[in-house]
file run-v4.txt (compact mmCIF, C-alpha atoms)
# COMPACT_ATOMS: atom_id res chain seq x y z
CA MET A 1 -27.68 27.02 6.11
CA ARG A 2 -24.69 29.36 5.94
CA ASN A 3 -22.46 26.67 7.56
CA ILE A 4 -23.60 24.07 5.02
CA LEU A 5 -22.84 26.42 2.13
CA ALA A 6 -19.41 27.22 3.62
CA ALA A 7 -18.63 23.50 3.96
CA VAL A 8 -19.68 22.81 0.38
CA ALA A 9 -17.62 25.78 -0.88
CA LEU A 10 -14.58 24.57 1.08
CA SER A 11 -14.92 21.03 -0.27
CA LEU A 12 -14.89 22.41 -3.81
CA LEU A 13 -11.64 24.28 -3.13
CA LEU A 14 -9.77 21.32 -1.65
CA PRO A 15 -7.87 19.00 -3.98
CA ALA A 16 -9.81 15.84 -4.86
CA GLY A 17 -7.33 13.57 -3.07
CA ALA A 18 -7.47 15.55 0.18
CA MET A 19 -10.81 14.09 1.21
CA ALA A 20 -11.13 11.03 -0.98
CA HIS A 21 -9.80 8.03 0.95
CA ASP A 22 -11.63 6.22 3.75
CA LEU A 23 -8.56 5.53 5.93
CA ARG A 24 -8.55 7.06 9.41
CA LEU A 25 -5.63 7.58 11.77
CA ASP A 26 -5.70 5.37 14.88
CA SER A 27 -8.24 3.02 13.25
CA ARG A 28 -7.92 -0.20 11.31
CA VAL A 29 -8.21 -0.11 7.53
CA PRO A 30 -11.70 -0.84 6.17
CA ALA A 31 -12.17 -4.59 5.76
CA THR A 32 -11.59 -5.91 2.26
CA GLY A 33 -10.34 -9.00 0.51
CA VAL A 34 -8.86 -10.16 -2.77
CA ASN A 35 -10.01 -13.54 -4.08
CA ASP A 36 -9.18 -13.10 -7.77
CA LYS A 37 -5.37 -13.43 -7.76
CA GLY A 38 -4.50 -12.22 -4.21
CA GLU A 39 -1.17 -12.65 -2.41
CA LEU A 40 1.68 -13.74 -4.66
CA ILE A 41 3.48 -16.74 -3.18
CA LEU A 42 6.93 -17.93 -4.27
CA GLN A 43 7.81 -21.48 -3.27
CA GLN A 44 10.56 -23.57 -4.84
CA GLU A 45 10.88 -21.09 -7.72
CA LYS A 46 7.16 -21.40 -8.58
CA PHE A 47 4.55 -18.67 -8.29
CA SER A 48 1.02 -19.14 -7.03
CA TYR A 49 -1.67 -16.98 -5.50
CA LYS A 50 -3.72 -17.29 -2.34
CA ASN A 51 -6.73 -15.35 -1.11
CA TRP A 52 -5.81 -12.27 0.91
CA ASN A 53 -7.75 -9.98 3.25
CA SER A 54 -7.00 -6.91 5.30
CA ALA A 55 -7.41 -8.80 8.59
CA GLN A 56 -3.96 -10.29 7.83
CA LEU A 57 -2.27 -6.90 8.22
CA SER A 58 -1.59 -7.09 11.95
CA GLY A 59 1.43 -8.74 13.55
CA LYS A 60 4.20 -6.55 12.08
CA VAL A 61 4.87 -2.86 11.60
CA ARG A 62 4.28 -2.30 7.92
CA VAL A 63 4.17 0.17 5.09
CA ILE A 64 1.39 -0.54 2.63
CA GLN A 65 1.84 0.83 -0.85
CA HIS A 66 -1.36 0.63 -2.88
CA ILE A 67 -0.59 1.41 -6.52
CA ALA A 68 -2.40 1.41 -9.80
CA GLY A 69 -0.89 -1.11 -12.22
CA ARG A 70 0.97 1.51 -14.23
CA SER A 71 4.54 2.78 -14.11
CA SER A 72 3.48 6.38 -13.43
CA ALA A 73 1.83 5.25 -10.16
CA LYS A 74 4.85 3.14 -9.20
CA GLU A 75 7.16 6.14 -9.67
CA MET A 76 5.04 8.43 -7.45
CA ASN A 77 6.47 6.98 -4.24
CA ALA A 78 9.65 5.32 -5.50
CA ALA A 79 11.71 7.56 -3.18
CA LEU A 80 9.99 6.01 -0.15
CA ILE A 81 10.64 2.48 -1.39
CA GLU A 82 14.33 3.33 -1.88
CA ALA A 83 14.45 4.82 1.65
CA ILE A 84 12.87 1.63 3.06
CA LYS A 85 15.50 -0.49 1.28
CA ALA A 86 18.30 1.74 2.63
CA ALA A 87 16.91 1.56 6.19
CA LYS A 88 17.47 -2.23 6.30
CA LEU A 89 14.46 -2.80 8.55
CA PRO A 90 14.23 -6.12 10.45
CA HIS A 91 12.23 -8.64 8.40
CA ASP A 92 10.97 -10.42 11.52
CA ARG A 93 9.14 -7.30 12.77
CA TYR A 94 8.61 -5.19 9.63
CA GLN A 95 7.03 -5.88 6.24
CA THR A 96 6.30 -3.87 3.13
CA THR A 97 2.95 -4.81 1.60
CA THR A 98 2.49 -3.73 -2.00
CA ILE A 99 -1.04 -3.98 -3.34
CA VAL A 100 -1.14 -3.60 -7.12
CA ASN A 101 -4.50 -2.77 -8.66
CA THR A 102 -4.14 -4.46 -12.06
CA ASP A 103 -7.74 -3.43 -12.82
CA ASP A 104 -6.28 0.10 -13.06
CA ALA A 105 -3.60 -0.73 -15.64
CA ILE A 106 -3.20 0.52 -19.17
CA PRO A 107 -5.14 -1.95 -21.36
CA GLY A 108 -2.91 -4.70 -22.70
CA THR A 109 -0.16 -4.26 -20.08
CA GLY A 110 -1.43 -6.68 -17.42
CA MET A 111 1.03 -9.43 -18.36
CA PHE A 112 3.97 -6.99 -18.04
CA VAL A 113 2.69 -5.67 -14.70
CA ARG A 114 2.42 -9.20 -13.26
CA SER A 115 5.89 -10.06 -14.59
CA SER A 116 7.30 -7.00 -12.82
CA ILE A 117 5.58 -8.02 -9.57
CA GLU A 118 7.03 -11.53 -9.85
CA THR A 119 10.53 -10.11 -10.40
CA ASN A 120 10.13 -7.94 -7.29
CA LYS A 121 8.96 -10.95 -5.26
CA GLN A 122 12.09 -12.85 -6.33
CA GLN A 123 14.31 -9.92 -5.32
CA TYR A 124 12.48 -9.21 -2.04
CA PRO A 125 10.94 -12.51 -0.91
CA TRP A 126 10.26 -11.16 2.60
CA SER A 127 7.95 -8.48 1.14
CA GLN A 128 4.28 -9.10 0.53
CA PHE A 129 2.76 -8.51 -2.92
CA ILE A 130 -0.99 -8.54 -3.50
CA VAL A 131 -2.40 -8.57 -7.04
CA ASP A 132 -5.88 -7.07 -7.00
CA SER A 133 -7.30 -7.72 -10.46
CA LYS A 134 -10.75 -6.33 -9.64
CA GLY A 135 -9.80 -3.18 -7.71
CA ASN A 136 -11.42 -4.39 -4.46
CA VAL A 137 -8.97 -2.56 -2.19
CA GLN A 138 -9.15 0.70 -4.13
CA HIS A 139 -12.95 0.67 -3.90
CA ALA A 140 -13.12 -0.40 -0.24
CA TRP A 141 -10.58 2.22 0.85
CA GLN A 142 -11.87 4.85 -1.63
CA LEU A 143 -8.44 5.53 -3.12
CA GLN A 144 -7.80 7.69 -6.17
CA PRO A 145 -7.54 5.85 -9.50
CA GLY A 146 -4.17 5.96 -11.23
CA SER A 147 -2.41 6.84 -7.99
CA SER A 148 -0.16 5.53 -5.24
CA ALA A 149 -1.24 5.57 -1.59
CA ILE A 150 1.03 5.00 1.39
CA VAL A 151 -0.29 3.68 4.70
CA VAL A 152 1.80 2.97 7.81
CA LEU A 153 0.39 0.45 10.28
CA ASP A 154 1.61 -0.38 13.76
CA ARG A 155 1.89 -4.00 14.89
CA GLN A 156 -1.78 -4.07 15.88
CA GLY A 157 -2.81 -3.03 12.36
CA THR A 158 -3.72 0.54 13.35
CA VAL A 159 -3.22 3.32 10.79
CA LYS A 160 -0.49 5.73 11.92
CA PHE A 161 0.06 7.58 8.62
CA VAL A 162 -1.82 7.78 5.35
CA LYS A 163 -1.48 9.74 2.13
CA ASP A 164 -3.07 9.10 -1.24
CA GLY A 165 -0.68 10.55 -3.80
CA PRO A 166 3.03 11.32 -4.02
CA LEU A 167 4.92 11.97 -0.79
CA THR A 168 7.19 14.98 -0.43
CA GLN A 169 10.82 14.37 0.58
CA ASP A 170 9.93 15.56 4.11
CA GLU A 171 7.07 13.04 4.24
CA VAL A 172 9.44 10.26 3.13
CA THR A 173 11.76 11.21 6.00
CA ASP A 174 8.79 11.34 8.41
CA VAL A 175 7.53 7.91 7.33
CA ILE A 176 10.95 6.31 7.88
CA ALA A 177 11.22 8.00 11.30
CA LEU A 178 7.69 6.82 12.19
CA VAL A 179 8.41 3.22 11.16
CA THR A 180 11.68 3.26 13.12
CA SER A 181 9.94 4.61 16.23
CA LEU A 182 7.14 2.02 15.94
CA LEU A 183 9.75 -0.74 15.77
CA LYS A 184 11.55 0.64 18.86
CA ALA A 185 8.25 0.84 20.78
CA GLU A 186 7.71 -2.91 20.53
call {"tool": "encode", "arguments": {"input": "run-v4.txt", "output": "structure tokens"}}
result
Amino acid sequence: MRNILAAVALSLLLPAGAMAHDLRLDSRVPATGVNDKGELILQQEKFSYKNWNSAQLSGKVRVIQHIAGRSSAKEMNAALIEAIKAAKLPHDRYQTTTIVNTDDAIPGTGMFVRSSIETNKQQYPWSQFIVDSKGNVQHAWQLQPGSSAIVVLDRQGTVKFVKDGPLTQDEVTDVIALVTSLLKAE
């Protein structure tokens, strides 16, 4: 009984994000899919969407950024995105996957959020953008609302790093080093 009480007391002292997500190191992400919107496709200057699911995450080393559809969430890990751009990672073996939860957007801003995603797809056509208008991924992975989560996967789709919330500068450096080492290990 004393151990149970100690565990409950400890869980109350930890920050909410410390235990919230359901992503485990050296495991695959929990299975989920997005059928309402989904992956943004750009072909011949026209946008369309196709169904997307987490089984499609293997094949390349990748950084997944799951963000709420609000600018405050986008800014949380902007330093990592800038570091990824500066690293000039090989598009044939690396991909950034940005999953935007437009269900977690400020009411009335959905059109602006989608426009921003489309602009990013035009600028970075090799990157993958998923529009999750029902919050399927957030719920399946038990991510914090209003936040930004970063997940690094190896080529097999195995989680090698995960954090729900803003990364420190040291964590940004560690993520870039991890991605670089995963690419060298291929």
call {"tool": "residues_around", "arguments": {"input": "run-v4.txt", "residues": "Gly146 of chain A", "least_positions_apart": "6", "cutoff": "12 Å", "atoms": "all atoms listed in the file", "output": "NGL selection string"}}
result
:A and (17 or 66-76 or 100-106 or 135 or 138 or 164-166)
call {"tool": "closest_residue", "arguments": {"input": "run-v4.txt", "among": "A:Thr109, A:Thr32, A:Lys184, A:Gly38", "to": "Arg155 of chain A", "atoms": "all atoms listed in the file"}}
result
A:Lys184
call {"tool": "closest_residue", "arguments": {"input": "run-v4.txt", "among": "A:Gln122, A:Gln128, A:Gln44, A:Asn77", "to": "Tyr94 of chain A", "atoms": "all atoms listed in the file"}}
result
A:Gln128
call {"tool": "atom_distance", "arguments": {"input": "run-v4.txt", "atom1": "atom CA of Leu23 of chain A", "atom2": "atom CA of Gln156 of chain A"}}
result
15.4 Å
call {"tool": "residues_around", "arguments": {"input": "run-v4.txt", "residues": "Thr180 of chain A", "least_positions_apart": "6", "cutoff": "12 Å", "atoms": "all atoms listed in the file", "output": "ChimeraX atom specification"}}
result
/A:61-63,83-84,87-90,93-94,152-154,173-174,186
call {"tool": "atom_distance", "arguments": {"input": "run-v4.txt", "atom1": "atom CA of Gln56 of chain A", "atom2": "atom CA of Asp36 of chain A"}}
result
16.7 Å
call {"tool": "closest_residue", "arguments": {"input": "run-v4.txt", "among": "A:Leu25, A:Ile41, A:Ala31, A:Leu167", "to": "Glu118 of chain A", "atoms": "all atoms listed in the file"}}
result
A:Ile41
call {"tool": "closest_residue", "arguments": {"input": "run-v4.txt", "among": "A:Val29, A:Ala55, A:Leu182, A:Ile64", "to": "Ile130 of chain A", "atoms": "all atoms listed in the file"}}
result
A:Ile64
call {"tool": "closest_residue", "arguments": {"input": "run-v4.txt", "among": "A:Arg28, A:Ser147, A:Ser48, A:Val175", "to": "Leu80 of chain A", "atoms": "all atoms listed in the file"}}
result
A:Val175
call {"tool": "closest_residue", "arguments": {"input": "run-v4.txt", "among": "A:Lys163, A:Arg114, A:Lys37, A:His21", "to": "Ile150 of chain A", "atoms": "only C-alpha atoms"}}
result
A:Lys163
